[in-house]
>>> print(open('upload10.tsv').read())   # TSV, C-alpha atoms and all ligand atoms
chain	number	residue	atom	x	y	z
A	69	MET	CA	92.34	85.37	86.76
A	70	LEU	CA	93.84	88.89	86.57
A	71	THR	CA	94.96	90.10	83.14
A	72	ASP	CA	96.38	93.55	83.97
A	73	VAL	CA	96.34	96.44	86.41
A	74	ASP	CA	93.41	98.38	84.93
A	75	HIS	CA	93.88	101.52	87.00
A	76	VAL	CA	95.04	103.07	90.22
A	77	GLY	CA	92.31	105.23	91.77
A	78	ILE	CA	93.49	108.41	93.51
A	79	ALA	CA	91.18	110.55	95.64
A	80	VAL	CA	91.60	114.29	95.08
A	81	ALA	CA	89.93	117.29	96.68
A	82	ASP	CA	89.96	119.46	93.55
A	83	LEU	CA	89.70	117.61	90.24
A	84	GLU	CA	90.58	120.56	87.98
A	85	SER	CA	93.76	121.45	89.85
A	86	ALA	CA	94.79	117.78	90.03
A	87	VAL	CA	94.30	117.41	86.24
A	88	GLU	CA	96.36	120.56	85.71
A	89	HIS	CA	99.09	119.20	87.96
A	90	TYR	CA	99.32	115.88	86.10
A	91	ARG	CA	99.30	117.75	82.78
A	92	ASN	CA	102.17	119.99	83.86
A	93	ALA	CA	104.14	117.29	85.65
A	94	PHE	CA	103.90	114.55	82.98
A	95	GLY	CA	102.67	116.25	79.80
A	96	VAL	CA	99.65	113.94	79.74
A	97	GLU	CA	96.15	114.75	78.51
A	98	PRO	CA	92.98	113.23	79.96
A	99	ALA	CA	91.85	110.20	77.95
A	100	HIS	CA	88.38	110.13	79.49
A	101	ARG	CA	86.16	112.07	81.88
A	102	GLU	CA	82.92	110.83	83.37
A	103	THR	CA	80.58	111.34	86.30
A	104	VAL	CA	79.41	108.03	87.73
A	105	GLU	CA	76.43	109.05	89.89
A	106	ASP	CA	75.98	105.53	91.24
A	107	GLN	CA	79.54	105.65	92.68
A	108	GLY	CA	79.37	109.31	93.74
A	109	VAL	CA	82.43	110.28	91.71
A	110	GLU	CA	83.58	112.52	88.92
A	111	GLU	CA	86.65	110.90	87.40
A	112	VAL	CA	89.39	111.66	84.90
A	113	LEU	CA	91.53	108.93	83.35
A	114	PHE	CA	95.09	109.29	82.06
A	115	LYS	CA	96.40	106.40	79.99
A	116	VAL	CA	99.72	104.91	81.12
A	117	GLY	CA	100.75	101.98	78.92
A	118	THR	CA	97.85	99.52	79.02
A	119	SER	CA	96.59	100.94	82.35
A	120	TYR	CA	95.10	104.19	83.62
A	121	ILE	CA	95.56	106.64	86.44
A	122	GLN	CA	92.07	107.44	87.72
A	123	LEU	CA	91.69	110.78	89.51
A	124	LEU	CA	88.55	110.72	91.66
A	125	ALA	CA	86.61	113.66	93.06
A	126	ALA	CA	83.53	113.15	95.22
A	127	THR	CA	80.12	114.38	94.05
A	128	GLY	CA	79.20	114.95	97.72
A	129	PRO	CA	80.37	114.32	101.31
A	130	ASP	CA	78.24	111.20	101.85
A	131	THR	CA	79.93	109.13	99.12
A	132	PRO	CA	82.81	106.62	99.35
A	133	VAL	CA	85.39	109.15	98.12
A	134	GLY	CA	83.82	112.04	100.11
A	135	LYS	CA	84.09	110.02	103.33
A	136	PHE	CA	87.61	108.86	102.45
A	137	LEU	CA	88.79	112.45	101.89
A	138	ALA	CA	87.25	113.61	105.18
A	139	LYS	CA	88.76	110.71	107.14
A	140	ARG	CA	92.12	110.12	105.47
A	141	GLY	CA	92.73	113.03	103.09
A	142	GLU	CA	93.95	112.82	99.51
A	143	GLY	CA	95.82	109.75	98.31
A	144	VAL	CA	95.62	106.30	96.74
A	145	HIS	CA	92.02	105.11	97.14
A	146	HIS	CA	91.93	101.72	95.37
A	147	ILE	CA	93.55	99.46	92.84
A	148	GLY	CA	91.58	98.17	89.88
A	149	TYR	CA	92.52	94.78	88.40
A	150	ARG	CA	91.41	93.95	84.85
A	151	VAL	CA	89.74	90.56	84.52
A	152	SER	CA	88.28	88.72	81.56
A	153	ASP	CA	85.42	87.08	83.50
A	154	ILE	CA	84.29	89.19	86.44
A	155	ARG	CA	81.62	86.71	87.59
A	156	GLU	CA	84.18	83.91	87.76
A	157	VAL	CA	86.59	86.01	89.86
A	158	LEU	CA	83.79	87.30	92.09
A	159	ASN	CA	82.52	83.76	92.69
A	160	HIS	CA	86.04	82.59	93.47
A	161	LEU	CA	86.45	85.39	96.06
A	162	LYS	CA	83.05	84.53	97.57
A	163	GLU	CA	83.96	80.86	97.85
A	164	SER	CA	87.27	81.83	99.46
A	165	GLY	CA	85.43	83.89	102.08
A	166	VAL	CA	86.88	87.22	100.97
A	167	PRO	CA	84.58	90.05	102.17
A	168	LEU	CA	82.95	91.85	99.26
A	169	VAL	CA	81.36	95.26	98.85
A	170	ASP	CA	79.49	94.11	95.73
A	171	GLN	CA	77.85	90.69	95.61
A	172	GLU	CA	76.98	91.33	91.98
A	173	PRO	CA	78.86	93.22	89.23
A	174	ARG	CA	77.63	96.71	88.41
A	175	PRO	CA	78.27	99.32	85.69
A	176	GLY	CA	81.53	101.32	85.96
A	177	SER	CA	82.95	104.08	83.76
A	178	ARG	CA	83.92	103.63	80.07
A	179	GLY	CA	81.16	101.04	79.72
A	180	THR	CA	83.03	98.62	82.00
A	181	THR	CA	81.51	96.22	84.51
A	182	VAL	CA	83.00	96.45	88.00
A	183	ALA	CA	82.80	94.97	91.50
A	184	PHE	CA	84.58	95.96	94.72
A	185	ALA	CA	86.09	93.73	97.40
A	186	HIS	CA	86.33	95.21	100.91
A	187	PRO	CA	89.70	96.64	102.03
A	188	LYS	CA	89.60	94.51	105.20
A	189	GLY	CA	90.06	91.44	102.96
A	190	PHE	CA	93.20	92.79	101.28
A	191	GLY	CA	95.30	94.24	104.08
A	192	GLY	CA	93.65	97.66	103.98
A	193	VAL	CA	93.60	97.98	100.18
A	194	LEU	CA	90.25	98.52	98.45
A	195	VAL	CA	90.21	96.24	95.39
A	196	GLU	CA	88.11	96.74	92.26
A	197	LEU	CA	87.61	94.13	89.53
A	198	VAL	CA	87.13	95.59	86.05
A	199	GLN	CA	85.84	93.81	82.97
A	200	GLU	CA	86.06	95.84	79.79
A	201	ALA	CA	83.09	96.10	77.43
B	301	LIG	N1	90.88	102.02	101.25
B	301	LIG	C1	91.23	101.47	102.44
B	301	LIG	N2	90.46	101.56	103.56
B	301	LIG	C2	89.32	102.26	103.44
B	301	LIG	C3	88.90	102.86	102.26
B	301	LIG	C4	89.74	102.72	101.12
B	301	LIG	N3	89.41	103.27	99.95
B	301	LIG	N4	87.72	103.49	102.46
B	301	LIG	C5	87.41	103.30	103.74
B	301	LIG	N5	88.36	102.55	104.34
B	301	LIG	C6	88.40	102.12	105.74
B	301	LIG	C7	88.26	103.27	106.69
B	301	LIG	O1	89.49	103.89	106.94
B	301	LIG	C8	87.72	102.56	107.92
B	301	LIG	O2	88.75	101.92	108.60
B	301	LIG	P1	88.75	101.84	110.19
B	301	LIG	O3	87.53	101.04	110.54
B	301	LIG	O4	90.05	101.19	110.50
B	301	LIG	O5	88.65	103.27	110.63
B	301	LIG	C9	86.81	101.51	107.32
B	301	LIG	O6	87.28	101.30	105.99
B	301	LIG	C10	85.36	101.95	107.26
B	301	LIG	O7	85.36	103.28	106.81
B	301	LIG	P2	84.06	104.13	106.51
B	301	LIG	O8	84.44	105.55	106.26
B	301	LIG	O9	83.01	103.85	107.53
B	301	LIG	O10	83.68	103.61	105.11
B	301	LIG	P3	82.47	102.70	104.75
B	301	LIG	O11	82.50	101.43	105.50
B	301	LIG	O12	81.24	103.53	104.71
B	301	LIG	O13	82.89	102.38	103.24
B	301	LIG	C11	83.81	101.00	101.62
B	301	LIG	C12	84.07	101.72	102.93
B	301	LIG	C13	85.11	100.40	101.14
B	301	LIG	C14	82.77	99.90	101.86
B	301	LIG	C15	83.25	102.04	100.60
B	301	LIG	O14	84.23	103.02	100.38
B	301	LIG	C16	82.83	101.43	99.29
B	301	LIG	O15	81.71	100.92	99.14
B	301	LIG	N6	83.72	101.44	98.27
B	301	LIG	C17	83.42	100.86	96.97
B	301	LIG	C18	82.88	101.88	95.99
B	301	LIG	C19	83.83	103.01	95.74
B	301	LIG	O16	84.85	103.17	96.38
B	301	LIG	N7	83.47	103.86	94.73
B	301	LIG	C20	84.28	104.99	94.32
B	301	LIG	C21	85.27	104.65	93.22
B	301	LIG	C22	84.53	104.46	91.91
B	301	LIG	C23	85.41	104.05	90.74
B	301	LIG	O17	86.47	103.48	90.92
B	301	LIG	O18	84.98	104.33	89.60
B	302	CO	CO	88.16	102.62	90.02
>>> encode(input="upload10.tsv", output="structure tokens", more="lines below")
Ligand code: CMX
Ligand code: CO
Amino acid sequence: MLTDVDHVGIAVADLESAVEHYRNAFGVEPAHRETVEDQGVEEVLFKVGTSYIQLLAATGPDTPVGKFLAKRGEGVHHIGYRVSDIREVLNHLKESGVPLVDQEPRPGSRGTTVAFAHPKGFGGVLVELVQEA
């Protein structure tokens, strides 16, 4: 059902200084930058092989990443798995009784379609399914 690790999402307090740090540390340039209002994030993607590192800043305190930063500080926020049929995987999780954040897929960045499963269903790890356009 899973075809790749699409990205690792990392919550950061200051997006510009985090981008600068990754640039200096690894010599990488951002492949994509987007604000996803619906998710309350401004994100920058760095390509690593067939996957991405996704740096996430909150657009406000009352957003998933804003609350995460306040409660737990900076760090790994979620893992995104690439799938070829997001509805099939989502239905399989539903049938297996895995708690979901999203009952239905919704638009993500880069024109992708995404859905989140709750961290309590994966040992404290927030899981995102990502279907590319
Ligand atoms: N990973 C692991 N645990 C997390 C978590 C995360 N990212 N975010 C919150 N939690 C935990 C909290 O620590 C807390 O645990 P305890 O009950 O043990 O204290 C519990 O979940 C509830 O925390 P909360 O602050 O009340 O958070 P909410 O229930 O309001 O929201 C969640 C949690 C997962 C439902 C919410 O973050 C969500 O809807 N996430 C999906 C959307 C998202 O994350 N969007 C941003 C990324 C967008 C992108 O990838 O493009
Ligand atoms: Co993500």
>>> residues_around(input="upload10.tsv", residues="range 76-83 of chain A", least_positions_apart="6", cutoff="9 Å", atoms="only C-alpha atoms", output="list in words")
Glu110, Glu111, Val112, Ser119, Tyr120, Ile121, Gln122, Leu123, Leu124, Ala125, Ala126, Val133, Gly134, Phe136, Leu137, Gly141, Glu142, Gly143, Val144, His145, His146, Ile147, Gly148 and Tyr149 of chain A
>>> closest_residue(input="upload10.tsv", among="A:Gly165, A:Pro173, A:Pro132, A:Gly95", to="ligand LIG 301 (chain B)", atoms="all atoms listed in the file")
A:Pro132
>>> atom_distance(input="upload10.tsv", atom1="CA of Glu105 in chain A", atom2="atom C2 of ligand LIG 301 (chain B)")
19.9 Å
>>> closest_residue(input="upload10.tsv", among="A:Gln107, A:Ser152, A:Asn92, A:Gln199", to="ligand LIG 301 (chain B)", atoms="all atoms listed in the file")
A:Gln107
>>> residues_around(input="upload10.tsv", residues="His186 in chain A", least_positions_apart="6", cutoff="12 Å", atoms="only C-alpha atoms", output="tab-separated table (two decimals) with C-alpha atoms, in the coordinates of the input")
chain	number	residue	atom	x	y	z
A	146	HIS	CA	91.93	101.72	95.37
A	147	ILE	CA	93.55	99.46	92.84
A	161	LEU	CA	86.45	85.39	96.06
A	162	LYS	CA	83.05	84.53	97.57
A	165	GLY	CA	85.43	83.89	102.08
A	166	VAL	CA	86.88	87.22	100.97
A	167	PRO	CA	84.58	90.05	102.17
A	168	LEU	CA	82.95	91.85	99.26
A	169	VAL	CA	81.36	95.26	98.85
A	170	ASP	CA	79.49	94.11	95.73
A	171	GLN	CA	77.85	90.69	95.61
A	192	GLY	CA	93.65	97.66	103.98
A	193	VAL	CA	93.60	97.98	100.18
A	194	LEU	CA	90.25	98.52	98.45
A	195	VAL	CA	90.21	96.24	95.39
A	196	GLU	CA	88.11	96.74	92.26
A	197	LEU	CA	87.61	94.13	89.53
>>> closest_residue(input="upload10.tsv", among="A:Gly117, A:Gly191, A:Gly108, A:Pro98", to="ligand CO 302 (chain B)", atoms="all atoms listed in the file")
A:Gly108
>>> closest_residue(input="upload10.tsv", among="A:Val157, A:Leu70, A:Val109, A:Val116", to="ligand CO 302 (chain B)", atoms="all atoms listed in the file")
A:Val109
>>> closest_residue(input="upload10.tsv", among="A:Glu172, A:Glu102, A:Asp72, A:Glu97", to="Arg150 in chain A", atoms="all atoms listed in the file")
A:Asp72
>>> closest_residue(input="upload10.tsv", among="A:Ile154, A:Val198, A:Ala138, A:Ala99", to="ligand CO 302 (chain B)", atoms="all atoms listed in the file")
A:Val198
>>> atom_distance(input="upload10.tsv", atom1="CA of Leu113 in chain A", atom2="atom C18 of ligand LIG 301 (chain B)")
16.9 Å
>>> atom_distance(input="upload10.tsv", atom1="atom C11 of ligand LIG 301 (chain B)", atom2="CA of Gly189 in chain A")
11.5 Å
>>> decode(input="upload10.tsv", residues="range 95-109 of chain A", atoms="all heavy atoms", output="mmCIF file, in the first residue's frame")
data_model
loop_
_atom_site.group_PDB
_atom_site.id
_atom_site.type_symbol
_atom_site.label_atom_id
_atom_site.label_comp_id
_atom_site.auth_asym_id
_atom_site.auth_seq_id
_atom_site.Cartn_x
_atom_site.Cartn_y
_atom_site.Cartn_z
ATOM 1 N N GLY A 95 24.207 22.154 2.162
ATOM 2 C CA GLY A 95 24.352 22.699 0.814
ATOM 3 C C GLY A 95 23.132 22.472 -0.055
ATOM 4 O O GLY A 95 23.231 22.378 -1.279
ATOM 5 N N VAL A 96 21.960 22.374 0.577
ATOM 6 C CA VAL A 96 20.718 22.127 -0.178
ATOM 7 C C VAL A 96 19.960 23.436 -0.392
ATOM 8 O O VAL A 96 20.071 24.368 0.404
ATOM 9 C CB VAL A 96 19.797 21.124 0.555
ATOM 10 C CG1 VAL A 96 20.359 19.717 0.452
ATOM 11 C CG2 VAL A 96 19.606 21.517 2.028
ATOM 12 N N GLU A 97 19.212 23.472 -1.493
ATOM 13 C CA GLU A 97 18.351 24.619 -1.781
ATOM 14 C C GLU A 97 16.895 24.173 -1.717
ATOM 15 O O GLU A 97 16.573 23.055 -2.140
ATOM 16 C CB GLU A 97 18.635 25.170 -3.187
ATOM 17 C CG GLU A 97 19.961 25.893 -3.326
ATOM 18 C CD GLU A 97 20.095 27.103 -2.403
ATOM 19 O OE1 GLU A 97 19.074 27.780 -2.154
ATOM 20 O OE2 GLU A 97 21.216 27.345 -1.915
ATOM 21 N N PRO A 98 16.012 25.033 -1.210
ATOM 22 C CA PRO A 98 14.592 24.672 -1.177
ATOM 23 C C PRO A 98 14.077 24.282 -2.567
ATOM 24 O O PRO A 98 14.385 24.950 -3.550
ATOM 25 C CB PRO A 98 13.906 25.945 -0.691
ATOM 26 C CG PRO A 98 14.949 26.654 0.100
ATOM 27 C CD PRO A 98 16.247 26.355 -0.588
ATOM 28 N N ALA A 99 13.325 23.187 -2.631
ATOM 29 C CA ALA A 99 12.723 22.742 -3.889
ATOM 30 C C ALA A 99 11.329 23.331 -4.047
ATOM 31 O O ALA A 99 10.812 23.441 -5.157
ATOM 32 C CB ALA A 99 12.639 21.212 -3.917
ATOM 33 N N HIS A 100 10.723 23.713 -2.918
ATOM 34 C CA HIS A 100 9.342 24.196 -2.973
ATOM 35 C C HIS A 100 9.040 24.954 -1.686
ATOM 36 O O HIS A 100 9.547 24.614 -0.626
ATOM 37 C CB HIS A 100 8.392 23.000 -3.111
ATOM 38 C CG HIS A 100 6.957 23.394 -3.295
ATOM 39 N ND1 HIS A 100 6.461 23.848 -4.492
ATOM 40 C CD2 HIS A 100 5.901 23.411 -2.434
ATOM 41 C CE1 HIS A 100 5.166 24.121 -4.367
ATOM 42 N NE2 HIS A 100 4.809 23.861 -3.123
ATOM 43 N N ARG A 101 8.194 25.997 -1.823
ATOM 44 C CA ARG A 101 7.737 26.734 -0.645
ATOM 45 C C ARG A 101 6.266 27.043 -0.843
ATOM 46 O O ARG A 101 5.856 27.419 -1.939
ATOM 47 C CB ARG A 101 8.529 28.038 -0.503
ATOM 48 C CG ARG A 101 8.067 28.927 0.648
ATOM 49 C CD ARG A 101 8.771 30.264 0.593
ATOM 50 N NE ARG A 101 10.121 30.191 1.118
ATOM 51 C CZ ARG A 101 10.475 30.590 2.350
ATOM 52 N NH1 ARG A 101 9.572 31.093 3.166
ATOM 53 N NH2 ARG A 101 11.714 30.503 2.745
ATOM 54 N N GLU A 102 5.481 26.838 0.187
ATOM 55 C CA GLU A 102 4.035 27.056 0.036
ATOM 56 C C GLU A 102 3.396 27.315 1.396
ATOM 57 O O GLU A 102 3.806 26.742 2.399
ATOM 58 C CB GLU A 102 3.408 25.801 -0.602
ATOM 59 C CG GLU A 102 1.939 25.942 -0.947
ATOM 60 C CD GLU A 102 1.419 24.763 -1.799
ATOM 61 O OE1 GLU A 102 2.235 24.053 -2.438
ATOM 62 O OE2 GLU A 102 0.195 24.560 -1.796
ATOM 63 N N THR A 103 2.394 28.197 1.406
ATOM 64 C CA THR A 103 1.561 28.353 2.591
ATOM 65 C C THR A 103 0.269 27.585 2.347
ATOM 66 O O THR A 103 -0.387 27.797 1.330
ATOM 67 C CB THR A 103 1.260 29.843 2.856
ATOM 68 O OG1 THR A 103 2.492 30.516 3.096
ATOM 69 C CG2 THR A 103 0.357 30.014 4.076
ATOM 70 N N VAL A 104 -0.027 26.650 3.258
ATOM 71 C CA VAL A 104 -1.266 25.883 3.150
ATOM 72 C C VAL A 104 -2.171 26.379 4.283
ATOM 73 O O VAL A 104 -2.051 25.944 5.427
ATOM 74 C CB VAL A 104 -1.011 24.358 3.240
ATOM 75 C CG1 VAL A 104 -2.294 23.568 2.974
ATOM 76 C CG2 VAL A 104 0.068 23.927 2.254
ATOM 77 N N GLU A 105 -3.042 27.331 3.944
ATOM 78 C CA GLU A 105 -3.885 28.001 4.962
ATOM 79 C C GLU A 105 -4.726 26.984 5.720
ATOM 80 O O GLU A 105 -4.849 27.061 6.940
ATOM 81 C CB GLU A 105 -4.806 29.031 4.289
ATOM 82 C CG GLU A 105 -4.078 30.248 3.712
ATOM 83 C CD GLU A 105 -3.447 31.145 4.776
ATOM 84 O OE1 GLU A 105 -3.726 30.941 5.989
ATOM 85 O OE2 GLU A 105 -2.655 32.029 4.383
ATOM 86 N N ASP A 106 -5.290 26.051 4.970
ATOM 87 C CA ASP A 106 -6.154 25.011 5.521
ATOM 88 C C ASP A 106 -5.459 24.211 6.634
ATOM 89 O O ASP A 106 -6.092 23.768 7.584
ATOM 90 C CB ASP A 106 -6.545 24.108 4.328
ATOM 91 C CG ASP A 106 -7.373 22.923 4.750
ATOM 92 O OD1 ASP A 106 -8.338 23.147 5.489
ATOM 93 O OD2 ASP A 106 -7.049 21.787 4.356
ATOM 94 N N GLN A 107 -4.134 24.053 6.518
ATOM 95 C CA GLN A 107 -3.366 23.289 7.513
ATOM 96 C C GLN A 107 -2.688 24.206 8.528
ATOM 97 O O GLN A 107 -2.060 23.735 9.468
ATOM 98 C CB GLN A 107 -2.282 22.446 6.814
ATOM 99 C CG GLN A 107 -2.813 21.420 5.827
ATOM 100 C CD GLN A 107 -3.335 20.172 6.519
ATOM 101 O OE1 GLN A 107 -3.233 20.035 7.741
ATOM 102 N NE2 GLN A 107 -3.902 19.268 5.759
ATOM 103 N N GLY A 108 -2.752 25.513 8.290
ATOM 104 C CA GLY A 108 -2.124 26.466 9.210
ATOM 105 C C GLY A 108 -0.610 26.421 9.190
ATOM 106 O O GLY A 108 0.044 26.629 10.217
ATOM 107 N N VAL A 109 -0.031 26.131 8.013
ATOM 108 C CA VAL A 109 1.429 26.040 7.929
ATOM 109 C C VAL A 109 2.001 26.824 6.747
ATOM 110 O O VAL A 109 1.351 26.968 5.711
ATOM 111 C CB VAL A 109 1.938 24.574 7.776
ATOM 112 C CG1 VAL A 109 1.662 23.785 9.033
ATOM 113 C CG2 VAL A 109 1.369 23.893 6.548
#
